[in-house]
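Structure data follow from entry08.txt (compact mmCIF, C-alpha atoms and all ligand atoms):
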```
# COMPACT_ATOMS: atom_id res chain seq x y z
CA MET A 1 96.04 -142.50 22.48
CA LYS A 2 95.66 -138.89 21.36
CA PRO A 3 92.34 -137.89 19.76
CA TRP A 4 92.01 -137.12 16.05
CA ILE A 5 92.09 -133.40 15.20
CA GLU A 6 90.11 -132.18 12.20
CA LEU A 7 92.30 -130.05 9.92
CA GLY A 8 89.91 -129.34 7.05
CA THR A 9 86.97 -130.38 4.92
CA ALA A 10 86.24 -130.20 1.19
CA ARG A 11 83.15 -130.75 -0.92
CA ILE A 12 83.43 -133.23 -3.82
CA PRO A 13 81.75 -131.82 -6.97
CA ASN A 14 78.32 -133.06 -8.08
CA ASP A 15 77.19 -134.06 -4.59
CA GLY A 16 80.01 -136.56 -4.20
CA GLY A 17 80.07 -135.98 -0.42
CA ILE A 18 82.49 -134.30 1.98
CA LEU A 19 86.17 -135.15 2.40
CA THR A 20 87.67 -134.61 5.86
CA LEU A 21 91.37 -134.40 6.70
CA ARG A 22 92.30 -135.44 10.24
CA GLN A 23 95.60 -135.73 12.14
CA ARG A 24 96.62 -137.74 15.21
CA ASP A 25 100.28 -137.32 16.16
CA GLN A 26 102.17 -137.94 12.89
CA GLU A 27 99.32 -139.94 11.32
CA PHE A 28 96.98 -138.37 8.74
CA SER A 29 93.67 -139.68 7.48
CA ILE A 30 91.34 -138.54 4.70
CA SER A 31 87.80 -139.87 4.87
CA LEU A 32 84.65 -139.53 2.85
CA SER A 33 81.27 -138.82 4.45
CA GLY A 34 78.86 -141.76 4.43
CA PRO A 35 79.52 -145.50 4.51
CA ARG A 36 82.78 -145.41 2.49
CA GLY A 37 84.68 -143.94 5.47
CA GLU A 38 88.48 -143.71 5.31
CA LEU A 39 89.95 -143.33 1.81
CA MET A 40 93.60 -142.77 2.64
CA ASN A 41 95.87 -143.16 5.64
CA SER A 42 99.48 -142.07 5.95
CA ARG A 43 100.43 -145.45 7.47
CA ARG A 44 99.54 -147.39 4.32
CA PHE A 45 101.00 -146.14 1.05
CA HIS A 46 103.15 -148.92 -0.41
CA SER A 47 100.70 -149.77 -3.20
CA GLU A 48 100.37 -146.06 -4.11
CA GLN A 49 104.16 -145.88 -4.47
CA GLN A 50 104.25 -149.10 -6.50
CA LEU A 51 101.90 -147.48 -9.01
CA SER A 52 104.76 -145.15 -9.96
CA VAL A 53 107.55 -147.68 -9.58
CA LEU A 54 105.80 -149.96 -12.09
CA GLY A 55 104.34 -147.23 -14.31
CA CYS A 56 107.61 -145.27 -14.69
CA ALA A 57 110.08 -148.19 -14.89
CA HIS A 58 110.51 -147.65 -18.65
CA LEU A 59 111.46 -143.97 -18.15
CA LYS A 60 114.49 -144.31 -15.87
CA ASP A 61 116.87 -143.00 -18.54
CA ALA A 62 114.38 -141.15 -20.76
CA GLN A 63 115.01 -137.54 -21.73
CA ASN A 64 112.13 -135.07 -21.22
CA ALA A 65 109.64 -137.72 -20.13
CA ARG A 66 106.10 -136.41 -19.63
CA VAL A 67 104.04 -138.03 -16.92
CA VAL A 68 100.50 -137.44 -15.64
CA VAL A 69 99.60 -138.35 -12.07
CA GLY A 70 95.90 -138.35 -11.18
CA GLY A 71 95.08 -137.60 -8.34
CA MET A 72 97.15 -136.01 -5.63
CA GLY A 73 95.73 -137.67 -2.47
CA MET A 74 98.54 -137.69 0.10
CA GLY A 75 101.25 -137.31 -2.55
CA TYR A 76 102.85 -140.76 -2.31
CA THR A 77 102.34 -141.67 -5.98
CA LEU A 78 103.65 -138.27 -7.07
CA ALA A 79 106.72 -138.52 -4.81
CA ALA A 80 107.52 -142.04 -6.04
CA ALA A 81 107.19 -140.89 -9.67
CA LEU A 82 109.65 -138.06 -9.03
CA GLU A 83 112.06 -140.52 -7.47
CA ALA A 84 111.80 -142.84 -10.48
CA LEU A 85 112.24 -140.10 -13.10
CA PRO A 86 115.33 -138.22 -14.31
CA PRO A 87 115.83 -134.45 -13.77
CA SER A 88 114.55 -133.54 -17.24
CA ALA A 89 111.10 -135.05 -16.62
CA GLU A 90 107.88 -133.05 -16.53
CA VAL A 91 105.13 -134.27 -14.17
CA ILE A 92 101.59 -132.92 -14.18
CA VAL A 93 99.57 -133.84 -11.11
CA ALA A 94 95.81 -133.43 -11.44
CA ASP A 95 93.29 -133.27 -8.64
CA LEU A 96 89.62 -132.38 -8.76
CA ILE A 97 89.61 -130.83 -5.32
CA PRO A 98 91.58 -127.62 -4.71
CA GLU A 99 91.60 -128.22 -0.95
CA VAL A 100 93.49 -131.52 -1.43
CA VAL A 101 96.25 -129.62 -3.22
CA ALA A 102 96.21 -126.91 -0.52
CA TRP A 103 96.50 -129.58 2.22
CA ASN A 104 99.55 -130.97 0.40
CA ARG A 105 101.11 -127.51 0.31
CA GLY A 106 100.35 -127.30 4.05
CA PRO A 107 100.21 -129.88 6.87
CA LEU A 108 99.89 -132.99 4.69
CA GLY A 109 102.95 -132.17 2.59
CA ALA A 110 105.44 -133.68 5.02
CA CYS A 111 103.94 -137.19 4.59
CA ALA A 112 105.47 -137.74 1.15
CA GLY A 113 108.38 -135.27 1.46
CA ARG A 114 106.65 -132.22 -0.09
CA PRO A 115 106.64 -133.39 -3.72
CA LEU A 116 104.80 -130.23 -4.84
CA ASP A 117 108.00 -128.27 -4.14
CA ASP A 118 109.83 -130.21 -6.88
CA LYS A 119 110.46 -127.96 -9.92
CA ARG A 120 109.45 -130.75 -12.31
CA VAL A 121 105.86 -130.62 -11.06
CA THR A 122 102.93 -128.58 -12.33
CA VAL A 123 99.44 -128.82 -10.87
CA HIS A 124 96.18 -129.14 -12.79
CA ILE A 125 93.17 -128.45 -10.60
CA GLY A 126 90.35 -130.29 -12.34
CA ASP A 127 89.49 -133.64 -13.83
CA VAL A 128 92.52 -135.62 -15.02
CA GLY A 129 90.34 -136.67 -17.97
CA GLU A 130 90.58 -133.09 -19.31
CA LEU A 131 94.33 -133.59 -19.80
CA LEU A 132 94.00 -137.03 -21.33
CA VAL A 133 91.27 -136.28 -23.83
CA ASN A 134 93.57 -133.70 -25.45
CA GLY A 135 96.81 -135.63 -24.90
CA ASP A 136 97.38 -136.68 -28.52
CA GLY A 137 100.50 -138.78 -28.02
CA TYR A 138 102.08 -136.34 -25.55
CA TYR A 139 102.47 -138.49 -22.42
CA ASP A 140 105.02 -141.22 -21.71
CA ALA A 141 103.16 -142.46 -18.64
CA VAL A 142 99.74 -141.94 -17.09
CA LEU A 143 99.40 -143.00 -13.45
CA LEU A 144 95.81 -143.15 -12.26
CA ASP A 145 94.61 -143.48 -8.68
CA VAL A 146 91.45 -141.43 -8.59
CA ASP A 147 89.00 -143.93 -7.17
CA ASN A 148 88.56 -147.37 -5.71
CA GLY A 149 89.26 -148.85 -9.11
CA PRO A 150 87.52 -149.34 -12.46
CA GLU A 151 84.15 -149.84 -10.79
CA GLY A 152 84.42 -146.37 -9.20
CA LEU A 153 82.77 -145.81 -5.83
CA THR A 154 83.66 -142.38 -4.60
CA HIS A 155 82.97 -140.28 -7.72
CA SER A 156 80.64 -141.62 -10.41
CA ASP A 157 81.93 -139.08 -12.96
CA ASN A 158 85.14 -141.13 -12.98
CA ASN A 159 83.42 -143.99 -14.79
CA TRP A 160 84.36 -142.39 -18.11
CA LEU A 161 88.07 -142.84 -17.36
CA TYR A 162 87.59 -146.63 -17.23
CA SER A 163 85.02 -146.88 -20.05
CA VAL A 164 85.72 -148.01 -23.63
CA GLU A 165 85.79 -144.33 -24.71
CA GLY A 166 88.01 -143.23 -21.84
CA THR A 167 90.40 -146.14 -22.23
CA SER A 168 90.75 -145.42 -25.96
CA ALA A 169 91.29 -141.71 -25.27
CA ILE A 170 94.07 -142.55 -22.80
CA TYR A 171 95.63 -144.86 -25.40
CA ARG A 172 95.67 -141.98 -27.90
CA SER A 173 97.10 -139.60 -25.28
CA LEU A 174 100.17 -141.80 -24.86
CA ALA A 175 103.36 -141.63 -26.89
CA PRO A 176 104.47 -144.83 -28.67
CA SER A 177 105.60 -147.30 -25.95
CA GLY A 178 103.83 -145.19 -23.30
CA THR A 179 102.36 -146.85 -20.23
CA LEU A 180 99.10 -146.48 -18.37
CA ALA A 181 99.21 -147.70 -14.75
CA VAL A 182 95.95 -147.87 -12.80
CA TRP A 183 95.52 -148.54 -9.07
CA SER A 184 92.56 -150.67 -8.04
CA ALA A 185 91.40 -152.16 -4.75
CA SER A 186 90.99 -155.48 -6.58
CA PRO A 187 91.41 -157.13 -10.02
CA ASP A 188 88.69 -156.59 -12.62
CA THR A 189 88.59 -158.89 -15.65
CA MET A 190 86.13 -156.66 -17.54
CA TYR A 191 88.53 -153.73 -17.28
CA THR A 192 91.43 -155.90 -18.42
CA SER A 193 89.37 -156.79 -21.50
CA ARG A 194 88.58 -153.14 -22.22
CA LEU A 195 92.27 -152.23 -21.97
CA LYS A 196 93.18 -155.03 -24.40
CA LYS A 197 90.43 -153.97 -26.82
CA ALA A 198 91.85 -150.43 -26.81
CA GLY A 199 95.18 -151.90 -27.98
CA PHE A 200 97.09 -152.18 -24.70
CA GLN A 201 99.27 -155.12 -23.68
CA VAL A 202 98.14 -155.73 -20.09
CA ASP A 203 99.79 -157.15 -17.01
CA VAL A 204 97.92 -157.12 -13.68
CA LYS A 205 100.26 -156.93 -10.68
CA THR A 206 99.34 -157.69 -7.08
CA VAL A 207 100.69 -155.16 -4.58
CA ARG A 208 100.42 -155.04 -0.78
CA GLU A 209 99.31 -152.00 1.18
CA ARG A 210 102.52 -152.27 3.28
CA PRO A 211 105.78 -153.90 2.17
CA GLY A 212 105.14 -157.67 2.39
CA LYS A 213 101.92 -157.38 4.39
CA GLY A 214 98.42 -155.98 4.60
CA ALA A 215 95.62 -155.93 2.05
CA ARG A 216 96.32 -156.97 -1.54
CA HIS A 217 95.50 -154.50 -4.30
CA ALA A 218 95.86 -154.60 -8.07
CA ILE A 219 97.82 -152.46 -10.47
CA PHE A 220 96.88 -152.66 -14.13
CA LEU A 221 100.03 -152.08 -16.16
CA ALA A 222 98.96 -151.35 -19.71
CA LYS A 223 101.59 -150.74 -22.41
CA LYS A 224 100.84 -149.06 -25.70
CA THR A 225 101.79 -151.38 -28.53
CA THR A 226 101.38 -149.27 -31.67
CA GLY A 227 102.38 -145.80 -32.81
CA ARG A 228 98.83 -144.28 -32.65
C1 LIG B 1 92.92 -142.28 -3.46
S1 LIG B 1 93.41 -140.63 -3.68
C2 LIG B 1 94.98 -140.76 -4.44
C3 LIG B 1 96.05 -141.21 -3.50
C4 LIG B 1 97.43 -141.00 -4.07
N1 LIG B 1 97.76 -142.03 -5.03
C5 LIG B 1 98.49 -140.96 -2.99
O1 LIG B 1 99.60 -141.42 -3.25
O2 LIG B 1 98.21 -140.46 -1.90
C6 LIG B 1 92.37 -140.10 -4.97
C7 LIG B 1 92.56 -138.62 -5.32
O3 LIG B 1 92.03 -138.41 -6.62
C8 LIG B 1 91.30 -137.20 -6.65
N2 LIG B 1 90.35 -137.35 -7.77
C9 LIG B 1 89.22 -138.08 -7.81
N3 LIG B 1 88.69 -138.07 -9.04
C10 LIG B 1 89.53 -137.31 -9.80
C11 LIG B 1 89.54 -136.92 -11.17
N4 LIG B 1 88.60 -137.32 -12.02
N5 LIG B 1 90.54 -136.13 -11.62
C12 LIG B 1 91.52 -135.71 -10.78
N6 LIG B 1 91.56 -136.05 -9.46
C13 LIG B 1 90.58 -136.84 -9.00
C14 LIG B 1 90.71 -137.09 -5.26
O4 LIG B 1 90.41 -135.75 -4.94
C15 LIG B 1 91.84 -137.67 -4.39
O5 LIG B 1 92.73 -136.66 -3.98
```

Produce structure tokens that represent the structure in this file.
Ligand SMILES: C[S@@+](CC[C@H](N)C(=O)[O-])C[C@H]1O[C@@H](n2cnc3c(N)ncnc32)[C@H](O)[C@@H]1O
Amino acid sequence: MKPWIELGTARIPNDGGILTLRQRDQEFSISLSGPRGELMNSRRFHSEQQLSVLGCAHLKDAQNARVVVGGMGMGYTLAAALEALPPSAEVIVADLIPEVVAWNRGPLGACAGRPLDDKRVTVHIGDVGELLVNGDGYYDAVLLDVDNGPEGLTHSDNNWLYSVEGTSAIYRSLAPSGTLAVWSASPDTMYTSRLKKAGFQVDVKTVRERPGKGARHAIFLAKKTTGR
């Protein structure tokens, strides 16, 4: 088997460690320094796609839908959102790490079919929370895959996104009938409770890392139930 070739590294803010992008033949891997190891692999992306399939299902025929994708990773969630959305949609993809976006404009882009080239996409380099805190009813869907799940792991600053305050801010950022979809390595009953307290109607779906096989992950599908 061919050896892995290192294509780039990036520092996660606030001492969050180093991300490394590697390639072996057509396979790509992004790993985090320390015990966490591999975060993403281009052979396993079904659950990342399902995040968009489930989170954008209500927008198939919507005019001018506005969708936030956080974060970019290998682009599978973004590409699946674009596939699910009509031509009039606007999709903002946020990623904390500029190098991740640069990798997707470069060698990594082919994995998910170069979704950053789609004219419906704009990029926000920074915390996805910055968009959501000022959302004020603007978004029809928010698709979050920024960490291992509500308990965090790779970036402790992300805890706010899953907190009571963050969950309520996301609720306010959504338009009436908007949907928040959150990827998680596993279910989390405390997070389900927080979502319900914020006003969401919640359904937790089990998704596989490959179609019909591999590890089971959870997607929290949270629908806004009131106008504000
Ligand atoms: C697991 S990956 C996302 C994988 C992606 N769903 C895909 O389809 O490949 C997590 C991404 O979120 C980014 N990230 C982490 N915390 C973030 C935050 N608070 N705001 C924006 N991006 C963030 C990371 O840099 C990383 O690119």

Distance CA of Val182 in chain A-CA of Glu27 in chain A, one decimal place?
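About the pair CA of Val182 in chain A and CA of Glu27 in chain A: they are 25.6 Å apart.
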
I need the residue nearest ligand LIG 1 (chain B) from this list: A:Ala94, A:Leu32, A:Ala215, A:Val133. Use only C-alpha atoms and all ligand atoms for the distance.
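Closest candidate: A:Ala94.
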
Which residues, written as a list in words, have at least one atom at most 10 Å from Lys119 in chain A, with all atoms listed in the file counted and residues fewer than 2 positions away on the same chain left out?
Pro87, Ala89, Glu90, Val91, Pro115, Leu116, Asp117, Val121 and Thr122 of chain A

Under the rule of at most 7 Å, produce a per-residue listing of chain A near ligand LIG 1 (chain B): chain, number, name, the closest pair of atoms, and the distance in Å, as a tab-separated table, using only C-alpha atoms and all ligand atoms.
```
residue	atom	partner	partner_atom	distance
A:Leu39	CA	B:LIG1	C1	6.1
A:Met40	CA	B:LIG1	C1	6.2
A:Phe45	CA	B:LIG1	O1	6.5
A:Glu48	CA	B:LIG1	O1	4.8
A:Gln49	CA	B:LIG1	O1	6.5
A:Gly70	CA	B:LIG1	C12	5.1
A:Gly71	CA	B:LIG1	O3	3.6
A:Met72	CA	B:LIG1	O5	4.8
A:Gly73	CA	B:LIG1	O5	3.5
A:Met74	CA	B:LIG1	O2	3.4
A:Gly75	CA	B:LIG1	O2	4.4
A:Tyr76	CA	B:LIG1	O1	3.4
A:Thr77	CA	B:LIG1	O1	3.9
A:Leu78	CA	B:LIG1	O1	6.4
A:Ala94	CA	B:LIG1	C12	4.9
A:Asp95	CA	B:LIG1	N6	3.4
A:Leu96	CA	B:LIG1	N6	4.2
A:Ile97	CA	B:LIG1	O4	5.0
A:Val100	CA	B:LIG1	O5	5.8
A:Gly126	CA	B:LIG1	C12	5.8
A:Asp127	CA	B:LIG1	N5	3.5
A:Val128	CA	B:LIG1	N5	4.0
A:Gly129	CA	B:LIG1	N4	6.2
A:Asp145	CA	B:LIG1	N1	5.0
A:Val146	CA	B:LIG1	O3	3.7
A:Asp147	CA	B:LIG1	C6	5.6
A:His155	CA	B:LIG1	N3	6.3
A:Asp157	CA	B:LIG1	N4	7.0
A:Asn158	CA	B:LIG1	N4	5.2
```

Could you list, as a PyMOL selection string, every residue within 12 Å of Ala65 in chain A, counting only C-alpha atoms and ignoring same-chain residues fewer than 6 positions away?
chain A and resi 56-59+81-82+84-92+120+138-142+174-175+177-179

Which one of A:Gln26, A:His46, A:Pro13, A:Pro107 sits closest to Arg208 in chain A if you count all atoms listed in the file?
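The shortest atom-to-atom distance to Arg208 in chain A comes from A:His46.
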
As a PDB file with C-alpha atoms, in the frame of the given file, please: the residues near range 194-205 of chain A (cut-off 8 Å, only C-alpha atoms, same-chain neighbours under 6 positions excluded).
```pdb
ATOM      1  CA  SER A 163      85.020-146.880 -20.050  1.00  0.00           C
ATOM      2  CA  VAL A 164      85.720-148.010 -23.630  1.00  0.00           C
ATOM      3  CA  THR A 167      90.400-146.140 -22.230  1.00  0.00           C
ATOM      4  CA  SER A 168      90.750-145.420 -25.960  1.00  0.00           C
ATOM      5  CA  TYR A 171      95.630-144.860 -25.400  1.00  0.00           C
ATOM      6  CA  PRO A 187      91.410-157.130 -10.020  1.00  0.00           C
ATOM      7  CA  ALA A 218      95.860-154.600  -8.070  1.00  0.00           C
ATOM      8  CA  ILE A 219      97.820-152.460 -10.470  1.00  0.00           C
ATOM      9  CA  PHE A 220      96.880-152.660 -14.130  1.00  0.00           C
ATOM     10  CA  LEU A 221     100.030-152.080 -16.160  1.00  0.00           C
ATOM     11  CA  ALA A 222      98.960-151.350 -19.710  1.00  0.00           C
ATOM     12  CA  LYS A 223     101.590-150.740 -22.410  1.00  0.00           C
ATOM     13  CA  LYS A 224     100.840-149.060 -25.700  1.00  0.00           C
ATOM     14  CA  THR A 225     101.790-151.380 -28.530  1.00  0.00           C
ATOM     15  CA  THR A 226     101.380-149.270 -31.670  1.00  0.00           C
TER      16      THR A 226
END
```

Please, what is the axis-aligned box for every listed atom of range 17-32 of chain A with 4 Å on each side, as centre and edge lengths in Å to one decimal, as AutoDock Vina command-line options?
```
--center_x 91.1 --center_y -137.1 --center_z 7.9 --size_x 30.1 --size_y 13.6 --size_z 24.6
```
